[in-house]
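Engineer: Quick one: the structure is below, questions incoming.
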Amino acid sequence: MDHEALAHEMRGLREQVTGITDTAVAASDGLLIAADTADSIDPEGLAALAAAGLGLARRTAQATARGTLRRTVTYGSHGCAAFYAVGDTALMVVLGDEGLDVDRLHRVTQAALDRIGSILMDKTAEGV
């Protein structure tokens, strides 16, 4: 897998969207693949929590006939955490401060998710 390409995508999001503080990519089972996080964030713990939250949101979308889950956002008093599905096998989490423009984040993130999915698929193809 091209970890540098993943790092490039995560850095690119920070450059395009003001307010992003941390990013991570994880497998849907919660195993960390790549992270660009502050020292105060445990990237493995973040990956596990994100996978659990995204899994619950997927099941909720399915049970309520809302279609395929694309994303979920949790808002807190100091910012937000956005969790994006990357196909069926991975996810990306983006943490942002109070100044994060979530609508812009959603617009910019779609292209990055497509590229991240391609990077991860290259890993799958290597394992075949």
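Note on naming: chains are A, B, ... as they come in the structure tokens, residues start from 1 per chain, ligands start from 1 in the order shown.
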Write out as a compact mmCIF listing (two decimals) with N, CA, C and O atoms, in the first residue's frame all residues of chain A that DSSP puts in strand (DSSP E) for this structure's backbone.
Structural biologist:
# COMPACT_ATOMS: atom_id res chain seq x y z
N ILE A 20 -9.67 21.83 9.86
CA ILE A 20 -9.36 20.42 10.09
C ILE A 20 -8.17 20.34 11.04
O ILE A 20 -7.15 20.99 10.83
N THR A 21 -8.31 19.54 12.08
CA THR A 21 -7.23 19.39 13.05
C THR A 21 -6.56 18.02 12.98
O THR A 21 -5.37 17.92 13.29
N ASP A 22 -7.29 16.99 12.60
CA ASP A 22 -6.74 15.63 12.60
C ASP A 22 -7.47 14.80 11.55
O ASP A 22 -8.66 15.03 11.28
N THR A 23 -6.77 13.81 10.99
CA THR A 23 -7.39 12.88 10.05
C THR A 23 -6.82 11.48 10.27
O THR A 23 -5.70 11.33 10.75
N ALA A 24 -7.63 10.49 9.91
CA ALA A 24 -7.16 9.10 9.99
C ALA A 24 -7.94 8.27 8.99
O ALA A 24 -9.09 8.59 8.65
N VAL A 25 -7.30 7.21 8.53
CA VAL A 25 -7.94 6.22 7.66
C VAL A 25 -7.82 4.88 8.39
O VAL A 25 -6.75 4.56 8.92
N ALA A 26 -8.92 4.14 8.43
CA ALA A 26 -8.93 2.86 9.14
C ALA A 26 -9.71 1.84 8.35
O ALA A 26 -10.56 2.18 7.52
N ALA A 27 -9.44 0.58 8.63
CA ALA A 27 -10.25 -0.50 8.09
C ALA A 27 -11.59 -0.48 8.81
O ALA A 27 -11.70 0.04 9.93
N LEU A 32 -6.17 0.72 12.46
CA LEU A 32 -5.62 1.94 11.88
C LEU A 32 -4.78 1.62 10.65
O LEU A 32 -3.96 0.70 10.67
N ILE A 33 -5.00 2.38 9.58
CA ILE A 33 -4.20 2.25 8.37
C ILE A 33 -3.20 3.40 8.27
O ILE A 33 -2.03 3.20 8.00
N ALA A 34 -3.67 4.63 8.50
CA ALA A 34 -2.81 5.82 8.44
C ALA A 34 -3.44 6.91 9.29
O ALA A 34 -4.67 6.97 9.42
N ALA A 35 -2.60 7.77 9.85
CA ALA A 35 -3.13 8.86 10.68
C ALA A 35 -2.25 10.10 10.57
O ALA A 35 -1.03 10.00 10.42
N ASP A 36 -2.90 11.23 10.66
CA ASP A 36 -2.24 12.53 10.74
C ASP A 36 -2.94 13.24 11.90
O ASP A 36 -3.89 13.99 11.70
N ARG A 71 -21.82 9.13 5.24
CA ARG A 71 -21.08 9.84 6.29
C ARG A 71 -21.96 10.05 7.51
O ARG A 71 -23.19 9.97 7.43
N THR A 72 -21.31 10.34 8.59
CA THR A 72 -21.99 10.75 9.81
C THR A 72 -21.12 11.80 10.49
O THR A 72 -19.89 11.77 10.35
N VAL A 73 -21.74 12.74 11.16
CA VAL A 73 -21.00 13.81 11.82
C VAL A 73 -21.46 13.92 13.26
O VAL A 73 -22.67 13.92 13.53
N THR A 74 -20.51 14.03 14.17
CA THR A 74 -20.80 14.24 15.59
C THR A 74 -20.31 15.64 15.94
O THR A 74 -19.16 15.99 15.68
N TYR A 75 -21.20 16.44 16.53
CA TYR A 75 -20.85 17.80 16.91
C TYR A 75 -20.65 17.87 18.41
O TYR A 75 -21.46 17.36 19.18
N GLY A 76 -19.56 18.52 18.82
CA GLY A 76 -19.28 18.75 20.23
C GLY A 76 -19.10 20.24 20.49
O GLY A 76 -19.13 21.05 19.56
N GLY A 79 -15.97 21.52 18.48
CA GLY A 79 -15.76 21.15 17.09
C GLY A 79 -16.56 19.92 16.72
O GLY A 79 -17.56 19.61 17.35
N CYS A 80 -16.10 19.22 15.70
CA CYS A 80 -16.86 18.06 15.23
C CYS A 80 -15.94 16.95 14.75
O CYS A 80 -14.75 17.16 14.53
N ALA A 81 -16.53 15.78 14.61
CA ALA A 81 -15.86 14.62 14.05
C ALA A 81 -16.74 14.11 12.92
O ALA A 81 -17.92 13.83 13.13
N ALA A 82 -16.17 14.03 11.73
CA ALA A 82 -16.91 13.53 10.56
C ALA A 82 -16.33 12.17 10.20
O ALA A 82 -15.11 12.00 10.13
N PHE A 83 -17.21 11.21 9.99
CA PHE A 83 -16.81 9.84 9.66
C PHE A 83 -17.36 9.51 8.28
O PHE A 83 -18.58 9.61 8.06
N TYR A 84 -16.49 9.13 7.38
CA TYR A 84 -16.86 8.85 5.99
C TYR A 84 -16.60 7.39 5.66
O TYR A 84 -15.52 6.87 5.96
N ALA A 85 -17.55 6.76 5.01
CA ALA A 85 -17.34 5.40 4.51
C ALA A 85 -16.44 5.47 3.28
O ALA A 85 -16.62 6.34 2.43
N VAL A 86 -15.48 4.57 3.21
CA VAL A 86 -14.65 4.41 2.02
C VAL A 86 -14.97 3.01 1.51
O VAL A 86 -14.38 2.03 1.94
N ALA A 90 -13.43 0.29 4.51
CA ALA A 90 -12.60 1.28 5.21
C ALA A 90 -13.41 2.52 5.55
O ALA A 90 -14.57 2.66 5.14
N LEU A 91 -12.77 3.42 6.27
CA LEU A 91 -13.39 4.68 6.65
C LEU A 91 -12.32 5.73 6.81
O LEU A 91 -11.14 5.43 6.97
N MET A 92 -12.76 6.98 6.75
CA MET A 92 -11.89 8.09 7.05
C MET A 92 -12.57 8.93 8.10
O MET A 92 -13.79 9.15 8.04
N VAL A 93 -11.80 9.37 9.07
CA VAL A 93 -12.32 10.26 10.10
C VAL A 93 -11.59 11.59 9.99
O VAL A 93 -10.37 11.63 9.78
N VAL A 94 -12.36 12.67 10.10
CA VAL A 94 -11.80 14.02 10.05
C VAL A 94 -12.30 14.76 11.29
O VAL A 94 -13.51 14.85 11.51
N LEU A 95 -11.36 15.25 12.08
CA LEU A 95 -11.71 16.06 13.24
C LEU A 95 -11.49 17.52 12.90
O LEU A 95 -10.52 17.86 12.21
N GLY A 96 -12.39 18.36 13.38
CA GLY A 96 -12.28 19.79 13.09
C GLY A 96 -12.61 20.64 14.30
O GLY A 96 -13.32 20.21 15.21
Engineer: Using only C-alpha atoms, which protein or nucleic acid residues come within 12 Å of Gly67 (chain A)? Drop anything in the same chain fewer than 5 positions from it, and give the result as a PyMOL selection string.
Structural biologist: chain A and resi 57-62
Engineer: For the selection just defined, write its residues with N, CA and C atoms to a file, as a PDB file, in the first residue's frame.
Structural biologist:
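See result-v2.pdb below for the written result:
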ATOM      1  N   ALA A  57     -24.016   3.507  12.502  1.00  0.00           N
ATOM      2  CA  ALA A  57     -24.714   4.380  11.550  1.00  0.00           C
ATOM      3  C   ALA A  57     -25.103   3.607  10.286  1.00  0.00           C
ATOM      4  N   ARG A  58     -24.221   2.717   9.812  1.00  0.00           N
ATOM      5  CA  ARG A  58     -24.552   1.888   8.636  1.00  0.00           C
ATOM      6  C   ARG A  58     -25.783   1.030   8.908  1.00  0.00           C
ATOM      7  N   ARG A  59     -25.793   0.411  10.074  1.00  0.00           N
ATOM      8  CA  ARG A  59     -26.933  -0.456  10.415  1.00  0.00           C
ATOM      9  C   ARG A  59     -28.210   0.353  10.553  1.00  0.00           C
ATOM     10  N   THR A  60     -28.105   1.558  11.094  1.00  0.00           N
ATOM     11  CA  THR A  60     -29.266   2.426  11.222  1.00  0.00           C
ATOM     12  C   THR A  60     -29.796   2.824   9.850  1.00  0.00           C
ATOM     13  N   ALA A  61     -28.902   3.209   8.953  1.00  0.00           N
ATOM     14  CA  ALA A  61     -29.322   3.590   7.594  1.00  0.00           C
ATOM     15  C   ALA A  61     -29.988   2.404   6.904  1.00  0.00           C
ATOM     16  N   GLN A  62     -29.431   1.225   7.085  1.00  0.00           N
ATOM     17  CA  GLN A  62     -30.003   0.024   6.466  1.00  0.00           C
ATOM     18  C   GLN A  62     -31.370  -0.310   7.068  1.00  0.00           C
TER      19      GLN A  62
END
Engineer: I'd like the contact shell of His106 (chain A) - 10 Å cut-off, only C-alpha atoms, skipping same-chain residues fewer than 3 positions apart - returned as a ChimeraX atom specification.
Structural biologist: /A:17,71,82,84,101-103,109-111
Engineer: Take the residues from that selection and write them out as a short mmCIF file (atom, residue, chain, number, x, y, z; two decimals), in the first residue's frame, keeping C-alpha atoms.
Structural biologist:
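Once written, selection-v4.cif looks like this:
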data_model
loop_
_atom_site.label_atom_id
_atom_site.label_comp_id
_atom_site.auth_asym_id
_atom_site.auth_seq_id
_atom_site.Cartn_x
_atom_site.Cartn_y
_atom_site.Cartn_z
CA VAL A 17 -10.48 23.06 4.34
CA ARG A 71 -21.08 9.84 6.29
CA ALA A 82 -16.91 13.53 10.56
CA TYR A 84 -16.86 8.85 5.99
CA ASP A 101 -16.98 24.64 7.41
CA VAL A 102 -18.67 21.24 7.37
CA ASP A 103 -20.48 21.85 4.07
CA THR A 109 -13.87 15.16 0.81
CA GLN A 110 -15.71 13.21 -1.90
CA ALA A 111 -12.85 13.41 -4.40
#
Engineer: Return the single residue from A:Ala65, A:Leu46, A:Ala5, A:Gln16 that is closest to Arg107 (chain A), with distances computed using only C-alpha atoms.
Structural biologist: A:Gln16
Engineer: Grab the CA of Gly30 (chain A) to CA of Gly117 (chain A) distance for me, in Å with one decimal place.
Structural biologist: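 Distance reported for this atom pair: 16.2 Å.
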Engineer: If you run DSSP on the backbone here, which positions in chain A get helix (DSSP H, G or I)? Please write them as a VMD selection string.
Structural biologist: chain A and resid 3 to 16 43 to 63 102 to 127
Engineer: Using CA of Gly99 (chain A) and CA of Gly19 (chain A) as the two end points, give the distance in Å to one decimal.
Structural biologist: 5.3 Å
Engineer: If you measure from CA of Thr64 (chain A) to CA of Asp88 (chain A), what distance in Å do you get, rounded to one decimal?
Structural biologist: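 Here the two named atoms are 18.4 Å from each other.
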Engineer: From the list A:Leu113, A:Ala63, A:Val108, A:Leu120, which residue is nearest Arg14 (chain A) when using only C-alpha atoms?
Structural biologist: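 Under the stated criterion, the closest residue is A:Val108.
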